[in-house]
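Read through the structure below, which is laid out as structure tokens, and then see the notes.
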Amino acid sequence: MADFKPKIVAFLCNWCSYEGADKAGGQKLNYYAGIKIIRVMCSGRVDPYFVLKAFREGADGVMVLGCHPGDCHYRKGNISALKRMRLLEKMIVQFGVERERFMLDWISAGESEKFQKTAEKMTSRILNLGPLKLEGYVKRKAAQ
Amino acid sequence: MTKPKIAISWNSSCGGCDESIVDIEDKILDIAAKVEFVLWPCAMDFKYDHVRALPDGDITVSLINGGIQNSHQEEIARLIRKKSKTVVAFGACAWLGGVPSLINLKNKEELFKSSYLESISVENPRKTLPAIKSKVDNCTLTLPEIYDTLYKLDDIIGVDYYLPGCPPTADLITDLFLKLIEGGLPEKGAVLAPARSLCISCPRNETKPDNFEIDEIKRIHEIIADPEKCFLVQNLLCMGPSTRDGCGCSCIKGNMPCTGCFGPADKSDQGAKMIGTLGSILKGSTESEADRVIDGIADPAGTFYRYSTAASMLGRKRKEDR
Ligand code: SF4
Ligand code: SF4
Ligand code: SF4
Ligand code: FES
């Protein structure tokens with residue numbers, strides 16, 4: 001698997017985690033370039049559908065990063081995200097997708113180093129797991 | 001004027017969809033007088049060769065129930081498609097895979113093991129399993145190939161309309177027949193029920209407070225359900241929020257929570273929608289508090305995709321043999 005280049009989709013909330021990632025960039029803290037960051041207003045905006053769609057369309061791992069509990073700019077968006085994502089994790093396992101391919105964590109605007117560490121942790125997890133290749137369900141070409 | 005030709009066919013179905021057509025009672029006789037049936041394996045004696053002999057596109061409309069799980073079903077579905085002007089995926093199974101598509105959370109081997117070897121009602125000392133070809137004396141017997149995945153109908157053939165429900169209600173079926181005969185069907189590709197959530201027409205919706213939390217999920221047999229209050233407020237899982245409107249709240253009126261048979265309300269994913277909803281109302285603000293309540297949902301995939309596993313975002317259990 002030496003040539004495996006994981007695709008990781010990361011949903012970052014605008015007010016904390018994205019700032020943290022931005023700061024990491026400003027400080028030139030390196031992290032894996034295959035992490036594709038999508039900025040959302042709040043971790044509570046991440047519809048479980050986005051996560052499933054990312055997996056279906058080829059992501060090997062998905063992260064959702066938000067403000068620490070108590071710091072969400074919409075008060076409880078991150079707490080709803082926590083409950084959604086715990087339930088979602090339990091469900092993806094039933095589809096044969098390892099729980100470790102998904103990560104939810106809290107990164108504040110100042111935590112550039114935590115962002116770097118979390119990104120590296122997720123990258124090595126996915127490197128260990130290998131490609132997801134979620135192609136067991138191949139939509140066949142329908143006859144018209 | 002020649003009568004419109006109608007075919008009704010089944011695949012991985014329970015027979016309930018066929019039964020539901022008979023259930024429209026005397027109206028079926030009015031309809032039968034206005035149309036000509038050319039195929040209906042469940043109720044009438046036509047042979048597939050009869051369909052093969054028809055010119056292409058000769059059947060006005062075919063109502064097909066059931067998803068596709070073996071090569072015979074695929075062959076017949078393709079034949080009917082070729083001979084029909086319009087194809088309706090009739091019922092949850094044809095539209096979304098339905099209950100039988102829960103098999104997509106397992107594999108063919110597990111299916112064979114449980115159905116032919118381990119089920120308590122099975123006695124099979126020679127451990128015979130369905131084989132595509134088998135030799136008996138000097139004859140070779142053949143069976144259709146059972147697939148590893150159950151496909152919804154439009155994974156296999158083009159579908160023009162989708163009629164939700166497990167099974168569709170008598171009102172929806174009557175309305176469909178009327179529109180088939182007299183015209184008035186919407187644009188092709190439509191799902192023939194309102195694109196909004198069941199809660200919108202549910203009489204219990206008003207009992208939902210603005211803020212409430214589920215602190216422990218109960219199952220319907222564990223409590224005596226209040227006949228007027230929203231089930232979610234009573235700590236019972238109700239799929240209403242992530243399910244399409246149009247059934248007339250049949251289960252709710254029988255004091256049973258919705259299990260989701262009308263499928264997703266839009267092009268989204270029924271499970272994702274329900275998880276989204278529950279995230280806002282389950283009690284807890286830490287991981288362990290959340291998990292305590294989530295523990296009450298033993299089988300999330302089977303609960304949220306009871307009728308739509310084949311149409312879910314992930315579609316089936318990932319295959320290991322890669
Ligand atoms: S949709 Fe329901 S009633 Fe119709 S075939 Fe499937 S299981 Fe039976
Ligand atoms: S959740 Fe169920 S009981 Fe409550 S309003 Fe919606 S459909 Fe009705
Ligand atoms: S209440 Fe739900 S499960 Fe019952 S008929 Fe309506 S959509 Fe189907
Ligand atoms: S704004 Fe950051 S998680 Fe809600």
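By order in the structure tokens, chains are A, B, ...; within a chain, residues start at 1; ligands start at 1, following the order shown.
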For this session: Let me have all residues with an atom within 6 Å of ligand 1, counting only C-alpha atoms and all ligand atoms, laid out as a list in words.
Result: Ser13, Cys14, Gly15, Gly16, Cys17, Asn65, Gly66, Gly91, Ala92, Cys93, Gly98, Val99, Cys166 and Pro167 of chain B
Generate a file of the selected residues that holds N, CA, C and O atoms, formatted as a PDB file, in the first residue's frame.
ATOM      1  N   SER B  13     -40.785  -9.632  -3.798  1.00  0.00           N
ATOM      2  CA  SER B  13     -41.962  -9.000  -3.226  1.00  0.00           C
ATOM      3  C   SER B  13     -42.610  -9.959  -2.247  1.00  0.00           C
ATOM      4  O   SER B  13     -42.323 -11.150  -2.245  1.00  0.00           O
ATOM      5  N   CYS B  14     -43.539  -9.440  -1.470  1.00  0.00           N
ATOM      6  CA  CYS B  14     -44.234 -10.307  -0.523  1.00  0.00           C
ATOM      7  C   CYS B  14     -45.616 -10.671  -1.017  1.00  0.00           C
ATOM      8  O   CYS B  14     -46.313 -11.460  -0.406  1.00  0.00           O
ATOM      9  N   GLY B  15     -46.042 -10.062  -2.129  1.00  0.00           N
ATOM     10  CA  GLY B  15     -47.401 -10.288  -2.616  1.00  0.00           C
ATOM     11  C   GLY B  15     -48.362  -9.220  -2.117  1.00  0.00           C
ATOM     12  O   GLY B  15     -49.477  -9.082  -2.626  1.00  0.00           O
ATOM     13  N   GLY B  16     -47.928  -8.452  -1.133  1.00  0.00           N
ATOM     14  CA  GLY B  16     -48.789  -7.413  -0.551  1.00  0.00           C
ATOM     15  C   GLY B  16     -49.140  -6.325  -1.551  1.00  0.00           C
ATOM     16  O   GLY B  16     -50.239  -5.774  -1.526  1.00  0.00           O
ATOM     17  N   CYS B  17     -48.207  -6.015  -2.442  1.00  0.00           N
ATOM     18  CA  CYS B  17     -48.491  -4.963  -3.430  1.00  0.00           C
ATOM     19  C   CYS B  17     -49.571  -5.417  -4.410  1.00  0.00           C
ATOM     20  O   CYS B  17     -50.446  -4.649  -4.782  1.00  0.00           O
ATOM     21  N   ASN B  65     -43.764  -4.389  -8.989  1.00  0.00           N
ATOM     22  CA  ASN B  65     -43.428  -4.334  -7.567  1.00  0.00           C
ATOM     23  C   ASN B  65     -42.227  -5.215  -7.269  1.00  0.00           C
ATOM     24  O   ASN B  65     -41.914  -6.144  -7.998  1.00  0.00           O
ATOM     25  N   GLY B  66     -41.508  -4.882  -6.195  1.00  0.00           N
ATOM     26  CA  GLY B  66     -40.357  -5.695  -5.794  1.00  0.00           C
ATOM     27  C   GLY B  66     -39.050  -5.226  -6.395  1.00  0.00           C
ATOM     28  O   GLY B  66     -38.996  -4.759  -7.535  1.00  0.00           O
ATOM     29  N   GLY B  91     -44.666   0.557  -5.121  1.00  0.00           N
ATOM     30  CA  GLY B  91     -44.406   0.163  -3.729  1.00  0.00           C
ATOM     31  C   GLY B  91     -42.957   0.355  -3.316  1.00  0.00           C
ATOM     32  O   GLY B  91     -42.063   0.576  -4.151  1.00  0.00           O
ATOM     33  N   ALA B  92     -42.766   0.282  -1.994  1.00  0.00           N
ATOM     34  CA  ALA B  92     -41.451   0.559  -1.414  1.00  0.00           C
ATOM     35  C   ALA B  92     -40.351  -0.351  -1.963  1.00  0.00           C
ATOM     36  O   ALA B  92     -39.228   0.086  -2.189  1.00  0.00           O
ATOM     37  N   CYS B  93     -40.682  -1.632  -2.199  1.00  0.00           N
ATOM     38  CA  CYS B  93     -39.643  -2.569  -2.647  1.00  0.00           C
ATOM     39  C   CYS B  93     -39.090  -2.197  -4.018  1.00  0.00           C
ATOM     40  O   CYS B  93     -37.885  -2.245  -4.251  1.00  0.00           O
ATOM     41  N   GLY B  98     -37.043  -1.823  -0.370  1.00  0.00           N
ATOM     42  CA  GLY B  98     -38.007  -2.330   0.618  1.00  0.00           C
ATOM     43  C   GLY B  98     -37.378  -3.195   1.697  1.00  0.00           C
ATOM     44  O   GLY B  98     -36.150  -3.277   1.827  1.00  0.00           O
ATOM     45  N   VAL B  99     -38.231  -3.836   2.463  1.00  0.00           N
ATOM     46  CA  VAL B  99     -37.753  -4.691   3.552  1.00  0.00           C
ATOM     47  C   VAL B  99     -36.751  -5.747   3.063  1.00  0.00           C
ATOM     48  O   VAL B  99     -35.715  -5.955   3.699  1.00  0.00           O
ATOM     49  N   CYS B 166     -45.762   0.618   1.556  1.00  0.00           N
ATOM     50  CA  CYS B 166     -45.578  -0.822   1.761  1.00  0.00           C
ATOM     51  C   CYS B 166     -46.827  -1.378   2.400  1.00  0.00           C
ATOM     52  O   CYS B 166     -46.893  -1.566   3.579  1.00  0.00           O
ATOM     53  N   PRO B 167     -47.846  -1.671   1.594  1.00  0.00           N
ATOM     54  CA  PRO B 167     -47.964  -1.358   0.166  1.00  0.00           C
ATOM     55  C   PRO B 167     -48.551   0.042  -0.036  1.00  0.00           C
ATOM     56  O   PRO B 167     -48.973   0.667   0.920  1.00  0.00           O
TER      57      PRO B 167
END
Problem set entry | Spatial neighbours of range 285-294 of chain B, 7 Å, only C-alpha atoms, chain gap at least 5 places, as JSON, numbers by chain | {"A": [79, 83, 87], "B": [215, 216, 217]}
Problem set entry | Within 6 Å of chain A: residues of chain B, using only C-alpha atoms, as a PyMOL selection string | chain B and resi 155-158+272+275-276+279-280+285+290+300-301+315-319
List every residue of chain A that has an atom at most 7 Å from any atom of ligand 4, and for each one report the closest atom pair and its distance in Å to one decimal, counting only C-alpha atoms and all ligand atoms, with rows sorted by chain and then by increasing residue number, as a Markdown table.
| residue | atom | partner | partner_atom_place_in_ligand_line | distance |
| --- | --- | --- | --- | --- |
| A:Cys13 | CA | ligand 4 | 2 (Fe) | 4.6 |
| A:Asn14 | CA | ligand 4 | 2 (Fe) | 6.3 |
| A:Trp15 | CA | ligand 4 | 2 (Fe) | 5.2 |
| A:Cys16 | CA | ligand 4 | 2 (Fe) | 5.4 |
| A:Ser17 | CA | ligand 4 | 2 (Fe) | 6.8 |
| A:Met41 | CA | ligand 4 | 1 (S) | 6.1 |
| A:Cys42 | CA | ligand 4 | 4 (Fe) | 3.8 |
| A:Ser43 | CA | ligand 4 | 3 (S) | 4.3 |
| A:Gly44 | CA | ligand 4 | 4 (Fe) | 5.9 |
| A:Gly66 | CA | ligand 4 | 3 (S) | 3.9 |
| A:Cys67 | CA | ligand 4 | 2 (Fe) | 4.0 |
| A:Cys72 | CA | ligand 4 | 4 (Fe) | 3.9 |
| A:His73 | CA | ligand 4 | 1 (S) | 4.2 |
| A:Tyr74 | CA | ligand 4 | 4 (Fe) | 5.4 |
| A:Arg75 | CA | ligand 4 | 4 (Fe) | 6.8 |
| A:Lys76 | CA | ligand 4 | 4 (Fe) | 6.8 |
| A:Gly77 | CA | ligand 4 | 4 (Fe) | 4.7 |
| A:Asn78 | CA | ligand 4 | 3 (S) | 4.4 |
Written file, previous selection with C-alpha atoms, as a PDB file, in the first residue's frame:
ATOM      1  CA  CYS A  13     -16.632  25.150  11.629  1.00  0.00           C
ATOM      2  CA  ASN A  14     -16.034  28.720  10.628  1.00  0.00           C
ATOM      3  CA  TRP A  15     -15.610  30.208  14.076  1.00  0.00           C
ATOM      4  CA  CYS A  16     -13.110  27.915  15.795  1.00  0.00           C
ATOM      5  CA  SER A  17     -11.690  24.974  13.899  1.00  0.00           C
ATOM      6  CA  MET A  41     -20.704  27.760   9.631  1.00  0.00           C
ATOM      7  CA  CYS A  42     -21.009  25.310  12.530  1.00  0.00           C
ATOM      8  CA  SER A  43     -20.382  21.629  13.184  1.00  0.00           C
ATOM      9  CA  GLY A  44     -24.145  21.493  13.740  1.00  0.00           C
ATOM     10  CA  GLY A  66     -16.019  22.165  15.786  1.00  0.00           C
ATOM     11  CA  CYS A  67     -15.722  24.513  18.743  1.00  0.00           C
ATOM     12  CA  CYS A  72     -20.205  27.029  19.850  1.00  0.00           C
ATOM     13  CA  HIS A  73     -21.247  30.345  18.380  1.00  0.00           C
ATOM     14  CA  TYR A  74     -24.743  29.016  17.939  1.00  0.00           C
ATOM     15  CA  ARG A  75     -24.669  27.702  21.505  1.00  0.00           C
ATOM     16  CA  LYS A  76     -25.434  24.027  21.025  1.00  0.00           C
ATOM     17  CA  GLY A  77     -24.693  23.209  17.401  1.00  0.00           C
ATOM     18  CA  ASN A  78     -21.668  21.174  18.387  1.00  0.00           C
TER      19      ASN A  78
END
Protein and nucleic acid residues within 9 Å of ligand 2 (only C-alpha atoms and all ligand atoms) as a CSV table (one decimal) with all heavy atoms, in the first residue's frame:
chain,number,residue,atom,x,y,z
B,197,SER,N,-42.6,16.0,4.7
B,197,SER,CA,-42.6,15.0,5.7
B,197,SER,C,-43.9,14.7,6.3
B,197,SER,O,-44.9,15.5,6.3
B,197,SER,CB,-41.6,15.4,6.9
B,197,SER,OG,-42.2,15.6,8.1
B,198,LEU,N,-44.1,13.4,6.8
B,198,LEU,CA,-45.4,12.9,7.3
B,198,LEU,C,-45.8,13.8,8.5
B,198,LEU,O,-47.1,14.0,8.6
B,198,LEU,CB,-45.2,11.5,7.7
B,198,LEU,CG,-46.4,10.8,8.4
B,198,LEU,CD1,-47.5,10.6,7.3
B,198,LEU,CD2,-46.0,9.5,9.0
B,199,CYS,N,-44.9,14.3,9.3
B,199,CYS,CA,-45.3,15.1,10.4
B,199,CYS,C,-46.3,16.2,10.0
B,199,CYS,O,-47.1,16.6,10.8
B,199,CYS,CB,-44.1,15.7,11.1
B,199,CYS,SG,-43.0,14.5,11.9
B,200,ILE,N,-46.1,16.8,8.8
B,200,ILE,CA,-46.9,17.9,8.4
B,200,ILE,C,-48.4,17.6,8.4
B,200,ILE,O,-49.2,18.4,8.7
B,200,ILE,CB,-46.4,18.4,7.0
B,200,ILE,CG1,-45.0,19.0,7.2
B,200,ILE,CG2,-47.3,19.4,6.4
B,200,ILE,CD1,-44.3,19.5,6.0
B,201,SER,N,-48.7,16.4,8.0
B,201,SER,CA,-50.1,16.0,8.0
B,201,SER,C,-50.5,15.2,9.3
B,201,SER,O,-51.7,14.8,9.4
B,201,SER,CB,-50.5,15.3,6.8
B,201,SER,OG,-50.0,14.0,6.7
B,202,CYS,N,-49.6,15.0,10.2
B,202,CYS,CA,-49.9,14.2,11.4
B,202,CYS,C,-50.7,15.0,12.4
B,202,CYS,O,-50.3,16.1,12.8
B,202,CYS,CB,-48.6,13.7,12.0
B,202,CYS,SG,-48.9,12.7,13.5
B,203,PRO,N,-51.8,14.5,12.9
B,203,PRO,CA,-52.6,15.2,13.8
B,203,PRO,C,-51.9,15.4,15.2
B,203,PRO,O,-52.3,16.2,16.0
B,203,PRO,CB,-53.9,14.3,14.0
B,203,PRO,CG,-53.5,13.0,13.5
B,203,PRO,CD,-52.5,13.2,12.4
B,204,ARG,N,-50.9,14.6,15.4
B,204,ARG,CA,-50.1,14.7,16.7
B,204,ARG,C,-49.1,15.8,16.7
B,204,ARG,O,-48.4,16.1,17.7
B,204,ARG,CB,-49.5,13.4,17.0
B,204,ARG,CG,-50.5,12.2,17.1
B,204,ARG,CD,-49.8,11.0,17.6
B,204,ARG,NE,-50.8,9.9,17.5
B,204,ARG,CZ,-50.8,8.8,18.4
B,204,ARG,NH1,-49.8,8.8,19.3
B,204,ARG,NH2,-51.7,7.9,18.3
B,205,ASN,N,-48.8,16.4,15.5
B,205,ASN,CA,-47.7,17.3,15.3
B,205,ASN,C,-47.9,18.5,16.3
B,205,ASN,O,-46.9,19.0,16.9
B,205,ASN,CB,-47.6,17.8,13.9
B,205,ASN,CG,-46.2,18.3,13.5
B,205,ASN,OD1,-45.3,18.1,14.3
B,205,ASN,ND2,-46.1,18.9,12.4
B,206,GLU,N,-49.1,18.9,16.5
B,206,GLU,CA,-49.3,20.1,17.4
B,206,GLU,C,-49.0,19.8,18.8
B,206,GLU,O,-48.8,20.7,19.6
B,206,GLU,CB,-50.8,20.5,17.3
B,206,GLU,CG,-51.2,21.1,16.0
B,206,GLU,CD,-52.7,21.2,15.9
B,206,GLU,OE1,-53.4,21.1,16.9
B,206,GLU,OE2,-53.1,21.5,14.7
B,207,THR,N,-48.9,18.5,19.2
B,207,THR,CA,-48.6,18.2,20.6
B,207,THR,C,-47.1,18.3,20.9
B,207,THR,O,-46.6,18.1,22.0
B,207,THR,CB,-49.1,16.8,21.0
B,207,THR,OG1,-48.3,15.8,20.3
B,207,THR,CG2,-50.5,16.6,20.6
B,208,LYS,N,-46.3,18.5,19.8
B,208,LYS,CA,-44.8,18.6,20.0
B,208,LYS,C,-44.5,19.9,20.6
B,208,LYS,O,-44.7,21.0,20.0
B,208,LYS,CB,-44.2,18.5,18.6
B,208,LYS,CG,-43.3,17.3,18.3
B,208,LYS,CD,-42.6,17.4,17.0
B,208,LYS,CE,-42.8,16.2,16.1
B,208,LYS,NZ,-42.7,16.5,14.7
B,228,GLU,N,-52.8,10.4,21.6
B,228,GLU,CA,-52.9,11.7,21.0
B,228,GLU,C,-51.5,12.4,20.9
B,228,GLU,O,-51.3,13.3,20.1
B,228,GLU,CB,-53.9,12.6,21.7
B,228,GLU,CG,-55.3,12.5,21.1
B,228,GLU,CD,-56.4,12.7,22.1
B,228,GLU,OE1,-56.2,13.5,23.1
B,228,GLU,OE2,-57.4,12.1,22.0
B,229,LYS,N,-50.6,12.0,21.8
B,229,LYS,CA,-49.3,12.7,21.8
B,229,LYS,C,-48.4,12.2,20.7
B,229,LYS,O,-48.3,11.0,20.5
B,229,LYS,CB,-48.7,12.5,23.2
B,229,LYS,CG,-48.6,13.7,24.1
B,229,LYS,CD,-47.5,13.5,25.1
B,229,LYS,CE,-48.0,13.6,26.5
B,229,LYS,NZ,-47.2,12.9,27.5
B,230,CYS,N,-47.6,13.1,20.2
B,230,CYS,CA,-46.5,12.8,19.3
B,230,CYS,C,-45.6,11.6,19.9
B,230,CYS,O,-45.3,11.7,21.1
B,230,CYS,CB,-45.6,14.0,19.0
B,230,CYS,SG,-44.1,13.6,18.1
B,231,PHE,N,-45.4,10.6,19.1
B,231,PHE,CA,-44.6,9.5,19.7
B,231,PHE,C,-43.2,9.9,20.2
B,231,PHE,O,-42.7,9.3,21.1
B,231,PHE,CB,-44.5,8.4,18.6
B,231,PHE,CG,-45.8,7.7,18.3
B,231,PHE,CD1,-46.5,7.9,17.1
B,231,PHE,CD2,-46.4,6.9,19.3
B,231,PHE,CE1,-47.7,7.2,16.9
B,231,PHE,CE2,-47.6,6.2,19.0
B,231,PHE,CZ,-48.2,6.4,17.8
B,232,LEU,N,-42.6,10.8,19.4
B,232,LEU,CA,-41.2,11.2,19.9
B,232,LEU,C,-41.2,11.8,21.3
B,232,LEU,O,-40.3,11.5,22.1
B,232,LEU,CB,-40.6,12.2,18.9
B,232,LEU,CG,-40.3,11.6,17.5
B,232,LEU,CD1,-39.9,12.7,16.5
B,232,LEU,CD2,-39.1,10.6,17.6
B,233,VAL,N,-42.3,12.5,21.6
B,233,VAL,CA,-42.4,13.1,22.9
B,233,VAL,C,-42.6,12.0,23.9
B,233,VAL,O,-42.3,12.2,25.1
B,233,VAL,CB,-43.5,14.2,22.9
B,233,VAL,CG1,-43.7,14.8,24.2
B,233,VAL,CG2,-43.4,15.2,21.8
B,236,LEU,N,-40.7,7.3,22.0
B,236,LEU,CA,-40.8,6.2,21.1
B,236,LEU,C,-40.3,6.7,19.7
B,236,LEU,O,-40.5,7.9,19.3
B,236,LEU,CB,-42.3,5.8,20.9
B,236,LEU,CG,-42.9,5.2,22.1
B,236,LEU,CD1,-44.4,5.2,21.9
B,236,LEU,CD2,-42.4,3.8,22.3
B,237,LEU,N,-39.5,5.9,19.0
B,237,LEU,CA,-39.0,6.3,17.7
B,237,LEU,C,-40.1,6.3,16.7
B,237,LEU,O,-40.8,5.3,16.5
B,237,LEU,CB,-37.9,5.3,17.3
B,237,LEU,CG,-36.5,5.5,17.7
B,237,LEU,CD1,-35.6,4.6,17.0
B,237,LEU,CD2,-36.0,6.9,17.5
B,238,CYS,N,-40.3,7.5,16.1
B,238,CYS,CA,-41.3,7.6,15.0
B,238,CYS,C,-40.5,8.1,13.8
B,238,CYS,O,-39.9,9.2,13.9
B,238,CYS,CB,-42.4,8.5,15.4
B,238,CYS,SG,-43.6,8.7,14.1
B,239,MET,N,-40.6,7.5,12.7
B,239,MET,CA,-39.9,7.9,11.5
B,239,MET,C,-40.5,9.0,10.7
B,239,MET,O,-40.1,9.4,9.7
B,239,MET,CB,-39.7,6.7,10.6
B,239,MET,CG,-38.7,5.6,11.0
B,239,MET,SD,-37.0,6.3,10.9
B,239,MET,CE,-36.8,6.2,9.1
B,240,GLY,N,-41.6,9.5,11.3
B,240,GLY,CA,-42.4,10.6,10.6
B,240,GLY,C,-41.5,11.7,10.0
B,240,GLY,O,-41.7,12.1,8.9
B,241,PRO,N,-40.6,12.3,10.8
B,241,PRO,CA,-39.8,13.4,10.3
B,241,PRO,C,-39.1,13.2,9.1
B,241,PRO,O,-38.9,14.1,8.2
B,241,PRO,CB,-38.9,13.7,11.5
B,241,PRO,CG,-39.5,13.1,12.7
B,241,PRO,CD,-40.3,12.0,12.2
B,242,SER,N,-38.6,11.9,8.9
B,242,SER,CA,-37.8,11.6,7.7
B,242,SER,C,-38.5,10.8,6.6
B,242,SER,O,-37.9,10.2,5.8
B,242,SER,CB,-36.5,10.9,8.1
B,242,SER,OG,-36.8,9.7,8.6
B,243,THR,N,-39.9,10.8,6.8
B,243,THR,CA,-40.7,10.0,5.9
B,243,THR,C,-41.6,10.8,5.1
B,243,THR,O,-42.2,11.8,5.6
B,243,THR,CB,-41.4,8.9,6.7
B,243,THR,OG1,-40.5,8.0,7.3
B,243,THR,CG2,-42.3,8.0,5.8
B,249,CYS,N,-51.5,8.9,7.4
B,249,CYS,CA,-51.1,8.6,8.7
B,249,CYS,C,-51.7,7.3,9.2
B,249,CYS,O,-52.2,7.2,10.4
B,249,CYS,CB,-51.5,9.7,9.7
B,249,CYS,SG,-50.7,11.3,9.3
B,252,ILE,N,-50.1,5.9,12.5
B,252,ILE,CA,-50.4,6.8,13.6
B,252,ILE,C,-51.8,6.7,14.1
B,252,ILE,O,-52.0,6.7,15.3
B,252,ILE,CB,-50.1,8.3,13.1
B,252,ILE,CG1,-48.8,8.4,12.3
B,252,ILE,CG2,-50.2,9.2,14.3
B,252,ILE,CD1,-47.6,8.3,13.0
B,255,ASN,N,-52.4,4.1,16.5
B,255,ASN,CA,-51.5,4.2,17.7
B,255,ASN,C,-50.2,3.5,17.6
B,255,ASN,O,-49.7,2.9,18.5
B,255,ASN,CB,-52.3,3.9,19.0
B,255,ASN,CG,-51.7,4.6,20.2
B,255,ASN,OD1,-51.0,5.6,20.0
B,255,ASN,ND2,-52.0,4.2,21.4
B,256,MET,N,-49.7,3.4,16.3
B,256,MET,CA,-48.3,2.9,16.1
B,256,MET,C,-47.4,3.9,15.5
B,256,MET,O,-47.9,4.6,14.6
B,256,MET,CB,-48.4,1.6,15.2
B,256,MET,CG,-49.1,0.4,15.8
B,256,MET,SD,-48.0,-0.3,17.1
B,256,MET,CE,-46.8,-1.2,16.0
B,257,PRO,N,-46.2,4.0,15.9
B,257,PRO,CA,-45.3,5.0,15.3
B,257,PRO,C,-45.0,4.6,13.8
B,257,PRO,O,-45.2,3.4,13.5
B,257,PRO,CB,-44.0,4.9,16.1
B,257,PRO,CG,-44.3,4.1,17.3
B,257,PRO,CD,-45.6,3.3,17.0
B,258,CYS,N,-44.7,5.6,13.0
B,258,CYS,CA,-44.4,5.4,11.6
B,258,CYS,C,-43.0,4.6,11.6
B,258,CYS,O,-42.1,5.0,12.3
B,258,CYS,CB,-44.2,6.7,10.9
B,258,CYS,SG,-43.6,6.6,9.3
For this session: Work out how far CA of Val61 in chain B is from CA of Val191 in chain B, in Å to one decimal.
Result: 15.8 Å
Exercise. Between B:Ala265, B:Ala77, B:Val51, B:Ala311, which one has atoms that come closest to ligand 3, using only C-alpha atoms and all ligand atoms?
Worked result: B:Ala265
For this session: Would you please extract all strand (DSSP E or B) residues from chain A, as assigned by DSSP on the backbone, and give them as a list in words?
Result: Ile8, Val9, Ala10, Phe11, Leu12, Cys13, Ile35, Lys36, Ile37, Ile38, Arg39, Val40, Gly61, Val62, Met63, Val64, Leu65, Gly66, Phe102, Met103, Leu104, Asp105, Trp106 and Ala143 of chain A
For this session: For each of B:Lys267, B:Arg126, B:Arg306, B:Arg219, take the minimum atom-to-atom distance to ligand 3, counting only C-alpha atoms and all ligand atoms, then give the residue where this is smallest.
Result: B:Arg306
For this session: Tell me, as JSON, numbers by chain, which residues lie within 12 Å of Asp30 in chain B, counting only C-alpha atoms; anything in the same chain fewer than 4 positions away does not count.
Result: {"B": [24, 25, 26, 34, 35, 36, 174, 177, 178, 181]}
For this session: Just list the residues in chain A DSSP gives helix (DSSP H, G or I) on the backbone, as a PyMOL selection string.
Result: chain A and resi 17-26+43-45+48-56+77-94+99-101+112-129
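Closest approach to Tyr32 in chain A among A:Leu129, A:Ile8, A:Ile107, A:Val64: A:Ile8, based on only C-alpha atoms.
Near ligand 3, at distances of 6 Å or less and with only C-alpha atoms and all ligand atoms counted, sit the residues Gly165, Cys247, Cys249, Ser250, Cys251, Ile252, Cys258, Thr259, Gly260, Cys261 and Phe262 of chain B.
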For this session: Could you give me, as a ChimeraX atom specification, the residues within 6 Å of Ile214 in chain B, counting only C-alpha atoms and dropping anything in the same chain fewer than 2 positions from it?
Result: /B:216,235,282-283
Go ahead and write the residues just picked, N, CA, C and O atoms, as a PDB file, in the first residue's frame.
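Result saved to again.pdb:
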ATOM      1  N   GLU B 216     -34.644   8.475  27.145  1.00  0.00           N
ATOM      2  CA  GLU B 216     -34.440   7.031  27.059  1.00  0.00           C
ATOM      3  C   GLU B 216     -35.386   6.518  25.988  1.00  0.00           C
ATOM      4  O   GLU B 216     -36.584   6.782  26.050  1.00  0.00           O
ATOM      5  N   ASN B 235     -40.952   9.309  23.945  1.00  0.00           N
ATOM      6  CA  ASN B 235     -39.726   8.507  23.923  1.00  0.00           C
ATOM      7  C   ASN B 235     -39.788   7.309  22.973  1.00  0.00           C
ATOM      8  O   ASN B 235     -39.015   6.355  23.113  1.00  0.00           O
ATOM      9  N   LEU B 282     -32.206  14.092  21.127  1.00  0.00           N
ATOM     10  CA  LEU B 282     -31.746  13.135  22.140  1.00  0.00           C
ATOM     11  C   LEU B 282     -31.127  13.912  23.300  1.00  0.00           C
ATOM     12  O   LEU B 282     -30.466  14.925  23.098  1.00  0.00           O
ATOM     13  N   LYS B 283     -31.322  13.409  24.502  1.00  0.00           N
ATOM     14  CA  LYS B 283     -30.772  14.087  25.666  1.00  0.00           C
ATOM     15  C   LYS B 283     -29.276  13.777  25.794  1.00  0.00           C
ATOM     16  O   LYS B 283     -28.819  12.714  25.404  1.00  0.00           O
TER      17      LYS B 283
END
For this session: Could you jot down the CA of Trp10 in chain B to CA of Leu143 in chain B separation for me, Å, one decimal place?
Result: 17.6 Å
Problem set entry | Selection near Ala89 in chain B, 7 Å with only C-alpha atoms, sequence-local residues under 2 positions removed, as a PyMOL selection string | chain B and resi 63-65+87+91+94-95+153+159+161-163
